[in-house]
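Structure first, then comments.
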Amino acid sequence: MSINFDAGIKNTGDTSRLKKAFERAERGEALTIAFLGGSITQGSLASEPSLCYAARVFAWWEKTFPKAKLTFINAGIGATDSQFGCARAAEDVLAYKPDVISVEYAVNDMSTLHYMETYEGVVRKLLSAENEPAVYTFYNVCYDNGSSAELMHSKIARHYNIPAFSMQSTIYPLLLSGEVENRDITPDDLHPNDKGHEMVASVITYGLEKIKESGLKDPDEKSGKLPAPLTANAYEDSVRYRNKNADIVSCEGWSADETPQPHITDIFRNGWTAAEKGAKIAFKVSGTCIGVQYRRTIQLPAPVAVARVDGEVKAVLDANFDETWGDKLCLDTLLDHGEGGEHIVEIELTETHPEDKLPFYLVSVIASGNPEPLFLKPAFAHTIWGGTRLRDEYGYDEQGDDIGECWGISAHPNGEGVVKSGAFAGERLSTLWNTHPELFGFLSDKCKAAESASKGNEGECGSAYYDRFPLLTKIIDAKADLSIQVHPDDEYAKEHENGSFGKTECWYVLDCPEDGTLVVGHNAGDKSDLEDMIRGGRWKDFIREVPVRKGDFIQIDPGTVHAIKGGIMLLETQQNSDVTYRVYDYDRLQNGKPRQLHIEQSIDVITVPAKPASDSVKSFADTPVNTVTEMYSCRYYTVSKVSVDGELSFENKAPFLNVSVLEGEGELNGYAVRKGDHLILPAGFAKVSLTGKMEVITSTVPSNR
């Protein structure tokens with residue numbers, strides 16, 4: 001029998017953490033070696049615990065580093081997957097502060113995007129532990145058909161640069177060639193026997209030995225920083241609720257099981273039991289993903305229950321298990337990337353039998369996916385008319401006395417925002433839009449493009465609604481007058497501006513002189529009059545100025561002649577476009593030359609006659625405190641003003657919500673915010689809670705576009 005061990009090393013990865021562990025072991029220090037996984041890790045079908053692969057790998061550590069003081073942690077639980085692994089990793093593994101962790105779920109997980117996400121949650125949770133353990137993974141295989149979740153899991157291993165070893169590339173080929181018979185190494189084509197466990201361990205230890213002997217690179221200063229997630233990563237923060245920590249809303253007919261749990265494999269502990277039809281128990285949990293664990297038993301008949309989330313039946317929990325190998329810890333998903341915030345999970349016993357041998361056992365409820373805001377680092381535009389107020393009054397770290405614009409929320413290539421903190425720190429907003437449309441509410445049960453693509457099919461996802469992030473939010477400081485200008489609509493821009501969006505925009509006046517004005521509209525009566533005024537330079541006749549004051553809102557539709565006048569500062573919400581046609585620029589020079597004008601395009605797109613100024617300018621200076629006031633809504637955006645003095649909570653049904661803090665400071669869903677902050681609340685923020693004293697402008701897009 002000849003195993004191609006080298007073929008089993010699928011990813012060497014960043015070995016710096018392993019190098020530290022090897023060096024410490026060589027010095028004789030104390031190390032804890034942990035193994036997280038399912039029944040194969042637990043040692044199923046090994047004749048004794050010392051002969052399972054995990055114990056054999058640990059024995060390699062003992063033999064290789066005889067001076068080290070080594071502790072063995074086997075955290076394998078049969079018939080469990082990485083979704084459960086996320087929820088129990090902290091308690092069953094990280095609580096022991098392991099120095100090296102082996103993780104395997106390749107035959108318990110399916111090769112789907114869901115399990116790619118839950119597996120990523122496990123890997124991220126382990127790698128982000130405070131003591132920075134070395135983590136490696138390996139992929140077991142079904143020996144009858146070669147199936148496993150290696151395809152999805154390997155993407156995670158490569159993304160996080162962790163070592164990975166494969167049984168599909170080493171042991172399974174021996175079965176295909178006939179060199180080894182299935183029953184020589186596995187009784188059921190899934191769980192190895194003693195010989196099979198020995199082979200699995202040999203593939204892993206060969207890989208570890210190779211890494212140990214190779215030229216290992218020195219630890220990277222950035223090795224402790226995780227890359228942005230590949231998936232929506234809703235499961236990394238999973239919390240498991242049992243009778244010791246659950247927030248129980250109501251309980252009728254259920255009893256808490258307080259039997260001690262000396263071993264993690266005593267899986268039916270710390271839950272609740274019920275035997276009478278109609279028994280109900282309800283929990284309050286928070287998250288976008290919810291699962292429920294219960295016992296399925298081979299002691300038939302058994303009770304049946306239903307699980308509801310916020311009053312809606314999500315699953316039937318049938319405790320009858322038509323197998324022979326033993327009772328199973330079953331995990332059913334009730335909510336997967338649903339609305340965030342608090343939910344009520346209710347379990348009701350709906351079917352019992354006089355001959356039931358066991359009560360229904362509810363093991364736990366697991367909640368995951370509490371989203372975090374995307375705080376953005378703005379981009380800045382230096383302009384001929386800009387000033388210093390963006391730095392002086394908003395505290396932005398930007399030098400120069402010509403700072404005209406802060407692009408607070410932008411995915412436009414001319415000024416793109418970057419996420420400042422959290423899991424997606426360092427990512428450009430455009431990248432997130434393209435790789436994680438689910439963050440913006442456009443990945444649903446009906447919109448699984450990536451999963452379709454993984455199966456070789458074409459599909460549609462959120463970016464099919466918009467081919468780029470649709471909005472752009474700016475703060476503009478006009479120290480001097482801006483040019484007289486106009487923007488095209490979508491149709492014109494698509495044809496004449498390389499497929500760009502048109503530019504529908506609106507302004508909220510943050511500050512202005514006592515006699516402040518804006519250019520909104522023009523005085524031409526028809527197209528001929530318009531062209532005559534522009535080509536003849538009759539600007540006093542053409543330009544229409546309207547008085548404005550702080551708190552005014554102005555809608556600027558495509559085709560509207562407009563300009564911001566000197567001394568005014570405003571927040572602009574617009575389509576994600578940078579197409580502007582200058583009609584007139586006061587004959588100013590920049591670098592000794594006049595700036596480019598766009599006379600022909602302007603004449604093409606200006607709307608004649610202009611609509612009355614009263615239709616464009618509305619005052620929102622004195623909106624009620626602790627309310628959300630919608631200022632304008634159209635097919636491109638909905639813009640609202642939020643005034644807070646104390647506390648305010650409101651429901652949020654937007655696919656995502658742009659937030660700009662214009663005055664004051666406080667907290668948003670527990671996150672500190674202050675004047676000048678720009679952030680996006682991604683999908684999952686079903687409830688927005690604000691405390692403090694501040695003024696906020698929000699914007700979003702129609703969810704049904």
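Chain labels run A, B, ... following the order of the structure tokens; each chain numbers its residues from 1, and ligands are numbered from 1 in the order shown.
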Notebook entry, point to check: Quick one: residues within 8 Å of segment 541-545 of chain A, only C-alpha atoms counted, chain neighbours fewer than 3 positions away excluded, as a PyMOL selection string?
Noted result: chain A and resi 517-524+530+533-534+538
Next item on the list: Tell me, as a PyMOL selection string, which residues lie within 10 Å of Gly404 of chain A, counting only C-alpha atoms; anything in the same chain fewer than 4 positions away does not count.
Entry: chain A and resi 380-390+474-480+482+569
Item checked: Residues near Arg124 of chain A, cut-off 9 Å, only C-alpha atoms, skip fewer than 5 positions along chain, as a list of chain:residue names -> A:Tyr119, A:Ala129, A:Tyr160, A:Leu226, A:Pro229, A:Glu236
Notebook entry, point to check: What lies within 12 Å of Lys10 of chain A using only C-alpha atoms, ignoring chain neighbours under 5 positions off, as a PyMOL selection string?
Noted result: chain A and resi 5+136-139+150-151+153-155+157-158+161-170+203-204+207
Next item on the list: Might you pull out every residue within 6 Å of segment 427-437 of chain A, with only C-alpha atoms counted and same-chain residues fewer than 2 positions away left off, and present them as a ChimeraX atom specification?
Entry: /A:411,417-419,424-425,439-440,442,462
Margin query: From a backbone DSSP assignment, name each residue in segment 146-387 of chain A labelled strand (DSSP E), as a PyMOL selection string.
Written below: chain A and resi 164-166+239-241+248-252+255-256+272-274+280-286+289-296+304-309+312-318+328-335+342-351+360-368+374-377+379-387
What are the nearest atom pairs, with distances in Å to one decimal, for all residues of segment 17-84 of chain A that come at most 8 Å from segment 256-275 of chain A, using only C-alpha atoms, set out by chain and rising residue number as CSV?
```
residue,atom,partner,partner_atom,distance
A:Ala75,CA,A:Ile264,CA,7.2
A:Gly76,CA,A:Thr265,CA,7.9
A:Ile77,CA,A:Thr265,CA,6.0
```
Would you save the residues of that selection, restricted to C-alpha atoms, as a PDB file, in the first residue's frame?
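This is the output file result28.pdb:
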```pdb
ATOM      1  CA  ALA A  75     -13.869  18.085  21.265  1.00  0.00           C
ATOM      2  CA  GLY A  76     -15.470  15.777  18.713  1.00  0.00           C
ATOM      3  CA  ILE A  77     -19.246  15.274  18.930  1.00  0.00           C
TER       4      ILE A  77
END
```
